[in-house]
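Novice: Sending over input_0.txt (compact mmCIF, C-alpha atoms).
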# COMPACT_ATOMS: atom_id res chain seq x y z
CA MET A 1 -21.14 -0.18 0.35
CA ASN A 2 -19.20 -1.41 -2.68
CA GLN A 3 -16.62 -3.08 -0.48
CA ASN A 4 -17.94 -6.53 -1.27
CA LEU A 5 -18.46 -5.66 -4.91
CA GLY A 6 -14.87 -4.49 -5.32
CA ILE A 7 -13.42 -7.42 -3.44
CA SER A 8 -15.36 -9.94 -5.50
CA ILE A 9 -14.82 -8.29 -8.90
CA PHE A 10 -11.07 -7.83 -8.69
CA PRO A 11 -10.13 -11.52 -8.29
CA LEU A 12 -12.59 -12.43 -11.05
CA VAL A 13 -10.97 -9.94 -13.42
CA ILE A 14 -7.51 -11.34 -12.68
CA ILE A 15 -8.66 -14.94 -13.09
CA GLY A 16 -10.45 -13.96 -16.31
CA ILE A 17 -7.32 -12.34 -17.78
CA VAL A 18 -5.15 -15.31 -16.83
CA VAL A 19 -7.60 -17.86 -18.27
CA ILE A 20 -7.92 -15.98 -21.58
CA LEU A 21 -4.14 -15.68 -21.92
CA ALA A 22 -3.77 -19.35 -21.01
CA VAL A 23 -6.07 -20.29 -23.90
CA PHE A 24 -3.84 -18.33 -26.27
CA ASN A 25 -0.58 -19.68 -24.97
CA TRP A 26 -0.65 -22.13 -22.13
CA GLU A 27 3.13 -22.52 -21.71
CA LYS A 28 3.86 -18.83 -21.59
CA THR A 29 1.01 -18.02 -19.21
CA TRP A 30 1.85 -20.92 -16.92
CA SER A 31 5.45 -19.74 -16.66
CA GLY A 32 4.10 -16.32 -15.66
CA VAL A 33 1.84 -17.85 -13.01
CA LYS A 34 4.77 -19.81 -11.60
CA LYS A 35 6.88 -16.67 -11.58
CA GLY A 36 4.16 -14.82 -9.68
CA ILE A 37 3.79 -17.58 -7.11
CA SER A 38 7.52 -17.77 -6.48
CA MET A 39 7.64 -13.98 -6.04
CA PHE A 40 4.83 -14.29 -3.53
CA ILE A 41 6.60 -17.03 -1.60
CA SER A 42 9.84 -15.07 -1.42
CA ILE A 43 8.14 -12.06 0.17
CA LEU A 44 5.67 -14.03 2.33
CA PRO A 45 7.73 -14.01 5.57
CA THR A 46 8.09 -10.23 5.40
CA PHE A 47 4.36 -9.83 4.83
CA LEU A 48 3.66 -12.09 7.79
CA THR A 49 5.96 -10.00 9.98
CA VAL A 50 4.10 -6.86 8.93
CA LEU A 51 0.76 -8.53 9.66
CA VAL A 52 1.99 -9.38 13.15
CA LEU A 53 3.02 -5.74 13.68
CA VAL A 54 -0.34 -4.52 12.36
CA SER A 55 -2.38 -6.77 14.62
CA VAL A 56 -0.41 -5.75 17.69
CA PHE A 57 -0.69 -2.06 16.74
CA LEU A 58 -4.43 -2.38 16.20
CA TYR A 59 -4.73 -3.85 19.69
CA LEU A 60 -2.65 -1.07 21.29
CA VAL A 61 -4.36 1.70 19.31
CA PRO A 62 -7.92 0.53 18.52
CA GLU A 63 -10.40 2.49 16.42
CA SER A 64 -12.22 3.72 19.52
CA MET A 65 -8.99 5.24 20.80
CA ILE A 66 -8.28 7.00 17.50
CA LYS A 67 -11.84 8.31 17.63
CA ASN A 68 -11.42 9.62 21.17
CA TYR A 69 -8.08 11.30 20.58
CA LEU A 70 -8.75 12.77 17.17
CA GLY A 71 -12.41 13.54 17.78
CA GLN A 72 -11.82 16.77 19.69
CA SER A 73 -8.56 17.77 18.10
CA SER A 74 -7.73 20.90 16.14
CA GLY A 75 -4.86 23.26 15.46
CA TRP A 76 -1.24 22.20 15.64
CA GLN A 77 -2.03 19.46 18.10
CA GLY A 78 -4.57 17.96 15.71
CA LEU A 79 -2.14 18.16 12.81
CA LEU A 80 0.55 16.42 14.82
CA LEU A 81 -1.73 13.76 16.28
CA GLY A 82 -3.51 13.08 12.98
CA SER A 83 -0.31 12.69 11.02
CA ALA A 84 1.35 10.58 13.75
CA ILE A 85 -1.52 8.08 13.88
CA GLY A 86 -1.99 8.12 10.10
CA SER A 87 1.70 7.50 9.45
CA VAL A 88 1.93 4.43 11.63
CA ALA A 89 -1.50 2.84 11.19
CA LEU A 90 -2.46 0.53 8.35
CA ILE A 91 -6.22 0.83 7.92
CA PRO A 92 -8.04 -0.10 4.70
CA ALA A 93 -10.09 2.66 3.05
CA PHE A 94 -13.45 1.02 3.76
CA VAL A 95 -12.67 1.30 7.48
CA ALA A 96 -10.75 4.58 7.42
CA ALA A 97 -13.32 6.65 5.50
CA PRO A 98 -16.28 5.98 7.85
CA LEU A 99 -13.93 6.41 10.84
CA ALA A 100 -12.78 9.80 9.53
CA SER A 101 -16.35 10.88 8.96
CA VAL A 102 -17.25 10.00 12.57
CA ILE A 103 -14.20 11.88 13.85
CA LEU A 104 -15.27 14.91 11.83
CA LYS A 105 -18.80 14.77 13.25
CA GLU A 106 -17.38 14.56 16.78
CA GLY A 107 -15.86 17.97 16.23
CA ALA A 108 -12.37 17.41 14.87
CA SER A 109 -11.04 20.07 12.50
CA ILE A 110 -10.60 19.47 8.77
CA LEU A 111 -6.88 19.93 9.40
CA SER A 112 -6.70 16.96 11.80
CA VAL A 113 -8.84 14.72 9.61
CA SER A 114 -6.93 15.60 6.41
CA ALA A 115 -3.63 14.98 8.16
CA PHE A 116 -4.90 11.59 9.35
CA ILE A 117 -6.33 10.52 5.95
CA THR A 118 -3.45 11.76 3.82
CA THR A 119 -0.66 10.30 5.95
CA LEU A 120 -2.64 7.07 6.20
CA MET A 121 -2.53 6.87 2.42
CA MET A 122 1.00 8.06 1.73
CA VAL A 123 3.15 7.11 4.73
CA GLY A 124 3.56 3.56 5.97
CA VAL A 125 5.83 3.18 8.97
CA ILE A 126 4.49 -0.25 9.91
CA THR A 127 4.92 -1.60 6.36
CA LEU A 128 8.54 -0.41 6.15
CA PRO A 129 9.89 -3.99 6.36
CA VAL A 130 8.15 -4.75 3.03
CA GLU A 131 9.14 -1.43 1.51
CA PHE A 132 12.79 -1.91 2.51
CA ARG A 133 12.92 -5.13 0.54
CA TYR A 134 11.36 -3.70 -2.59
CA LEU A 135 12.84 -0.21 -2.76
CA GLY A 136 15.97 -0.55 -0.65
CA LYS A 137 16.37 1.11 2.75
CA ARG A 138 17.49 4.53 1.61
CA ALA A 139 14.77 4.99 -1.00
CA ALA A 140 12.07 3.70 1.35
CA LEU A 141 13.08 6.08 4.13
CA TRP A 142 13.26 9.05 1.77
CA ARG A 143 9.92 8.18 0.18
CA ASN A 144 8.24 8.02 3.56
CA PHE A 145 9.87 11.20 4.81
CA LEU A 146 8.97 13.20 1.69
CA SER A 147 5.45 11.75 1.74
CA LEU A 148 5.05 12.81 5.36
CA VAL A 149 6.11 16.36 4.51
CA GLY A 150 3.87 16.32 1.42
CA ALA A 151 0.90 14.98 3.37
CA ILE A 152 1.29 17.72 6.00
CA ILE A 153 1.37 20.36 3.24
CA VAL A 154 -1.83 18.88 1.78
CA ALA A 155 -3.48 18.90 5.22
CA LEU A 156 -2.49 22.56 5.79
CA LEU A 157 -3.87 23.54 2.38
CA MET A 158 -7.09 21.65 3.14
CA GLY A 159 -7.35 23.40 6.49
CA VAL A 160 -6.99 26.80 4.85
CA THR A 161 -9.29 26.27 1.85
CA TYR A 162 -12.02 23.84 2.91
CA ALA A 163 -14.14 26.19 4.99
CA ARG A 164 -13.75 29.03 2.51
CA LEU A 165 -15.20 27.06 -0.40
CA PRO A 166 -18.92 26.46 -0.92
CA MET B 1 21.16 -26.85 6.10
CA PRO B 2 22.84 -24.45 3.63
CA VAL B 3 23.34 -20.90 4.87
CA SER B 4 20.82 -19.42 2.42
CA HIS B 5 18.09 -21.82 3.53
CA LYS B 6 18.84 -21.11 7.15
CA LYS B 7 18.57 -17.40 6.43
CA GLU B 8 15.28 -17.98 4.62
CA ALA B 9 13.90 -19.92 7.58
CA LEU B 10 15.02 -17.18 9.98
CA ARG B 11 12.80 -14.71 8.13
CA TYR B 12 9.81 -16.66 9.45
CA LEU B 13 11.03 -16.33 13.04
CA PRO B 14 8.89 -13.30 14.05
CA PHE B 15 5.82 -15.07 12.68
CA PHE B 16 6.55 -18.30 14.55
CA ILE B 17 7.20 -16.46 17.80
CA PHE B 18 3.85 -14.74 17.27
CA LEU B 19 2.14 -18.07 16.54
CA PHE B 20 3.62 -19.52 19.72
CA GLY B 21 2.29 -16.52 21.66
CA VAL B 22 -1.15 -17.02 20.15
CA VAL B 23 -1.26 -20.67 21.15
CA ILE B 24 -0.21 -19.79 24.70
CA SER B 25 -2.82 -16.99 24.82
CA PHE B 26 -5.59 -19.42 23.91
CA ILE B 27 -4.39 -21.97 26.47
CA ILE B 28 -4.21 -19.53 29.38
CA LYS B 29 -7.19 -17.55 27.99
CA TRP B 30 -5.28 -14.27 27.92
CA GLN B 31 -7.85 -11.89 26.42
CA SER B 32 -5.36 -9.40 24.98
CA GLY B 33 -3.53 -12.15 23.15
CA ILE B 34 -6.77 -13.54 21.76
CA LYS B 35 -7.78 -10.07 20.54
CA ILE B 36 -4.45 -9.65 18.76
CA ALA B 37 -4.89 -13.08 17.18
CA LEU B 38 -8.35 -12.08 15.90
CA ASN B 39 -6.88 -8.88 14.42
CA PHE B 40 -4.29 -10.99 12.71
CA SER B 41 -6.82 -13.36 11.19
CA TYR B 42 -8.85 -10.39 9.91
CA TYR B 43 -5.87 -8.91 8.04
CA ALA B 44 -4.49 -12.29 7.02
CA LYS B 45 -7.76 -13.13 5.29
CA GLU B 46 -7.53 -9.97 3.21
CA MET B 47 -3.93 -10.70 2.35
CA LEU B 48 -4.36 -14.35 1.47
CA LEU B 49 -7.33 -13.63 -0.78
CA PHE B 50 -5.81 -10.76 -2.59
CA LEU B 51 -2.03 -10.93 -2.71
CA PRO B 52 -1.44 -14.32 -4.41
CA LEU B 53 -3.73 -13.34 -7.29
CA MET B 54 -2.04 -9.98 -7.53
CA PHE B 55 1.38 -11.66 -7.77
CA ILE B 56 0.08 -14.09 -10.39
CA LEU B 57 -1.11 -11.12 -12.45
CA ILE B 58 2.30 -9.47 -12.09
CA GLY B 59 4.02 -12.69 -13.18
CA VAL B 60 1.73 -13.04 -16.20
CA ILE B 61 2.21 -9.40 -17.23
CA ASP B 62 5.94 -9.94 -16.83
CA VAL B 63 6.03 -12.69 -19.45
CA TRP B 64 3.36 -11.27 -21.79
CA VAL B 65 4.08 -7.56 -22.06
CA PRO B 66 7.37 -6.80 -23.84
CA LYS B 67 9.91 -4.53 -22.20
CA GLU B 68 9.79 -2.14 -25.17
CA PHE B 69 6.18 -1.30 -24.37
CA PHE B 70 6.91 0.00 -20.88
CA GLN B 71 10.19 1.56 -21.98
CA ASN B 72 8.48 3.57 -24.71
CA GLN B 73 5.43 4.51 -22.71
CA ALA B 74 7.02 5.30 -19.35
CA GLY B 75 10.78 5.22 -19.82
CA LYS B 76 13.30 8.01 -19.36
CA ASN B 77 12.01 10.25 -22.14
CA SER B 78 8.31 9.60 -21.79
CA GLY B 79 7.51 12.99 -20.26
CA LEU B 80 3.89 13.79 -19.56
CA ARG B 81 2.63 10.69 -21.35
CA GLY B 82 4.57 8.51 -18.92
CA ILE B 83 3.08 10.34 -15.93
CA GLY B 84 -0.39 9.90 -17.44
CA TRP B 85 0.14 6.16 -17.87
CA MET B 86 1.33 5.78 -14.29
CA ILE B 87 -1.69 7.61 -12.90
CA LEU B 88 -4.07 5.60 -15.09
CA LEU B 89 -2.48 2.31 -14.04
CA ALA B 90 -2.58 3.27 -10.37
CA THR B 91 -6.19 4.46 -10.27
CA LEU B 92 -7.44 1.21 -11.77
CA GLN B 93 -5.94 -0.88 -8.98
CA MET B 94 -7.07 -1.70 -5.49
CA GLY B 95 -5.61 -2.90 -2.25
CA PRO B 96 -3.11 -1.60 0.28
CA LEU B 97 0.09 0.23 -0.64
CA TYR B 98 2.28 -2.79 0.07
CA GLY B 99 0.57 -4.45 -2.89
CA ALA B 100 1.97 -1.72 -5.15
CA PHE B 101 5.63 -2.41 -4.36
CA PRO B 102 5.83 -5.64 -6.39
CA VAL B 103 4.20 -3.77 -9.29
CA ALA B 104 6.83 -1.05 -8.92
CA GLN B 105 9.49 -3.74 -9.07
CA LEU B 106 7.97 -5.05 -12.31
CA LEU B 107 7.83 -1.52 -13.76
CA CYS B 108 11.50 -1.03 -12.92
CA LYS B 109 12.47 -4.33 -14.51
CA LYS B 110 10.55 -3.35 -17.64
CA GLY B 111 12.44 -0.09 -18.03
CA CYS B 112 10.15 2.55 -16.52
CA SER B 113 12.06 5.56 -15.26
CA ASN B 114 12.65 5.95 -11.53
CA ARG B 115 10.69 9.17 -11.56
CA ASN B 116 7.67 7.42 -13.04
CA ILE B 117 7.92 4.55 -10.58
CA PHE B 118 7.73 6.92 -7.62
CA ILE B 119 4.90 8.81 -9.30
CA TYR B 120 3.13 5.48 -9.70
CA LEU B 121 3.53 4.77 -5.96
CA GLY B 122 2.20 8.24 -5.12
CA ALA B 123 -0.78 7.86 -7.44
CA PHE B 124 -1.49 4.37 -6.14
CA SER B 125 -1.52 5.51 -2.54
CA THR B 126 -3.77 8.52 -3.13
CA LEU B 127 -5.94 8.03 -6.24
CA LYS B 128 -7.11 4.40 -6.47
CA LEU B 129 -10.72 4.46 -7.60
CA PRO B 130 -12.10 1.91 -5.10
CA MET B 131 -10.59 4.00 -2.29
CA LEU B 132 -11.94 7.25 -3.75
CA THR B 133 -15.49 5.86 -3.79
CA PHE B 134 -15.27 5.34 -0.03
CA GLU B 135 -13.72 8.73 0.52
CA ILE B 136 -16.43 10.46 -1.51
CA GLY B 137 -19.15 8.37 0.10
CA PHE B 138 -18.18 9.20 3.67
CA LEU B 139 -16.32 12.51 3.53
CA GLY B 140 -18.05 14.08 0.55
CA LEU B 141 -17.10 15.11 -2.96
CA LYS B 142 -15.72 18.46 -1.83
CA PHE B 143 -13.28 16.89 0.61
CA SER B 144 -12.17 14.24 -1.85
CA PHE B 145 -11.83 16.65 -4.76
CA LEU B 146 -9.78 19.16 -2.77
CA ARG B 147 -7.55 16.45 -1.36
CA CYS B 148 -6.85 15.02 -4.82
CA PHE B 149 -6.34 18.51 -6.23
CA PHE B 150 -3.60 19.21 -3.67
CA THR B 151 -2.12 15.72 -3.62
CA ILE B 152 -1.49 15.29 -7.36
CA PRO B 153 1.17 18.03 -7.70
CA ILE B 154 2.67 16.88 -4.38
CA PHE B 155 3.24 13.28 -5.42
CA ILE B 156 4.47 14.29 -8.87
CA GLY B 157 6.92 16.60 -7.10
CA ILE B 158 7.97 13.73 -4.84
CA GLY B 159 8.60 11.63 -7.96
CA PHE B 160 10.96 14.28 -9.36
CA LEU B 161 12.66 14.74 -5.97
CA MET B 162 13.14 11.01 -5.40
CA ASP B 163 14.67 10.71 -8.87
CA LYS B 164 17.16 13.46 -8.04
CA LEU B 165 17.91 12.15 -4.54
CA MET B 166 18.51 8.55 -5.55
CA GLY B 167 20.62 9.43 -8.58
CA GLN B 168 21.20 7.83 -11.97
CA ASN B 169 22.54 4.53 -10.67
CA TYR B 170 19.61 3.70 -8.47
CA SER B 171 17.24 0.93 -9.42
CA LEU B 172 14.87 -1.17 -7.36
CA PRO B 173 16.58 -4.30 -5.99
CA GLU B 174 15.84 -7.20 -8.33
CA GLU B 175 16.22 -9.98 -5.81
CA ILE B 176 14.14 -9.49 -2.72
Could you rewrite the structure in this file as structure tokens?

Specialist:
Amino acid sequence: MNQNLGISIFPLVIIGIVVILAVFNWEKTWSGVKKGISMFISILPTFLTVLVLVSVFLYLVPESMIKNYLGQSSGWQGLLLGSAIGSVALIPAFVAAPLASVILKEGASILSVSAFITTLMMVGVITLPVEFRYLGKRAALWRNFLSLVGAIIVALLMGVTYARLP
Amino acid sequence: MPVSHKKEALRYLPFFIFLFGVVISFIIKWQSGIKIALNFSYYAKEMLLFLPLMFILIGVIDVWVPKEFFQNQAGKNSGLRGIGWMILLATLQMGPLYGAFPVAQLLCKKGCSNRNIFIYLGAFSTLKLPMLTFEIGFLGLKFSFLRCFFTIPIFIGIGFLMDKLMGQNYSLPEEI
């Protein structure tokens, strides 16, 4: 779908903005670019560590496994399983959305799928090393905990309302 | 080597151990290791294309947009307008949540209130437009609409709660 569109437009927009600003004031813009690059370099090792974690996780829990486990799930078990996988996994939307739709077609309840999707968005256990550095440990842990609780509330509300609405 | 440099180098240790494992996997043709390496290259591509540009944009915004702008629009007394700005900013972005943390750091540096920063993170994780198009495309408008409808008050609530929990003195670490 628009995956390629989005991925190709976004860098162009950024490059466009930077070039226009550079025409106005080269020195100022260049100092901003340098600042950005040095920020990137300082966080790079943490990002690489997270990427290592993600690639190992993806091997241990591949898409087919998520499909098998969540595909038949419902009730409390589905809520628990969906939010556990969603909390830990790091899956981009263009992979997660079609996956969730397949899981739904296989017979999973809206509760399980909502729990999976919402925790996937809001909770990031595997990216905690990055979050620790940016928010501090305490704030990162609280944010993830509250987001987990919030995501479960959203999933429960979805489970209750979805089938009742046209 | 000075202590700080040594510490910097140590941060690369997990990555180098991984790299070593990958090389070994290819030599002894260990399939699991090769699969993990392929996963890594898939995600690394996404990161290397997207993150450096994103950081450059953050750096450029940092020098171009004056602190007063953010302070007035999303500072301590910005109320609903501040929340609106945060949601607008978040929906127009793309990429994974870890790409939002450096933006949050910039917002903090520019004087946005803690509450608004956490609302920004909530909005980013749940309302980005590129992500919504996929959600609507595969799970339907009804699913997506309901999910957003329930999530918005939740993440705004989390913003208020985080602000209370972390207290007045909290701010995002400046040096990371």

Novice: Determine the axis-aligned bounding box of all atoms of region 69-79 of chain B present in the file, pad each side by 3 Å, and express its centre and edge lengths in Å to one decimal place as JSON.

Specialist:
{"center_x": 9.4, "center_y": 5.8, "center_z": -22.0, "size_x": 13.9, "size_y": 20.3, "size_z": 11.4}

Novice: Please report as JSON, numbers by chain which residues of chain A come no farther than 6 Å from chain B, using only C-alpha atoms.

Specialist: {"A": [29, 32, 33, 35, 36, 45, 49, 55, 56, 59, 93, 97, 98, 101, 121, 122, 133, 135, 150, 154]}

Novice: Can you tell me, as a ChimeraX atom specification, what residues are no more than 7 Å from Ser109 (chain A) when counting all atoms listed in the file, ignoring any on the same chain fewer than 5 positions away?

Specialist: /A:73-74,104

Novice: With only C-alpha atoms counted, which protein, DNA or RNA residues have an atom no more than 10 Å from (8.0, 10.2, 9.3) in the file frame? Please answer as an NGL selection string.

Specialist: :A and (83-84 or 87-88 or 119 or 123-125 or 141-149)

Novice: Which is closer to Thr118 (chain A) than all the others in A:Ala139, A:Ile41, A:Val102, A:Ala151, using only C-alpha atoms?

Specialist: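 Using only C-alpha atoms, the shortest distance to Thr118 (chain A) belongs to A:Ala151.
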
Novice: Can you tell me which residues surround Asn116 (chain B) at a distance of at most 7 Å, considering only C-alpha atoms, apart from same-chain residues fewer than 6 positions away, and format the answer as a PyMOL selection string?

Specialist: chain B and resi 74+82-83+86+159

Novice: As an exercise, work out the distance from CA of Leu88 (chain B) to CA of Tyr134 (chain A) in Å and give it to one decimal place.

Specialist: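 CA of Leu88 (chain B) sits 21.9 Å away from CA of Tyr134 (chain A).
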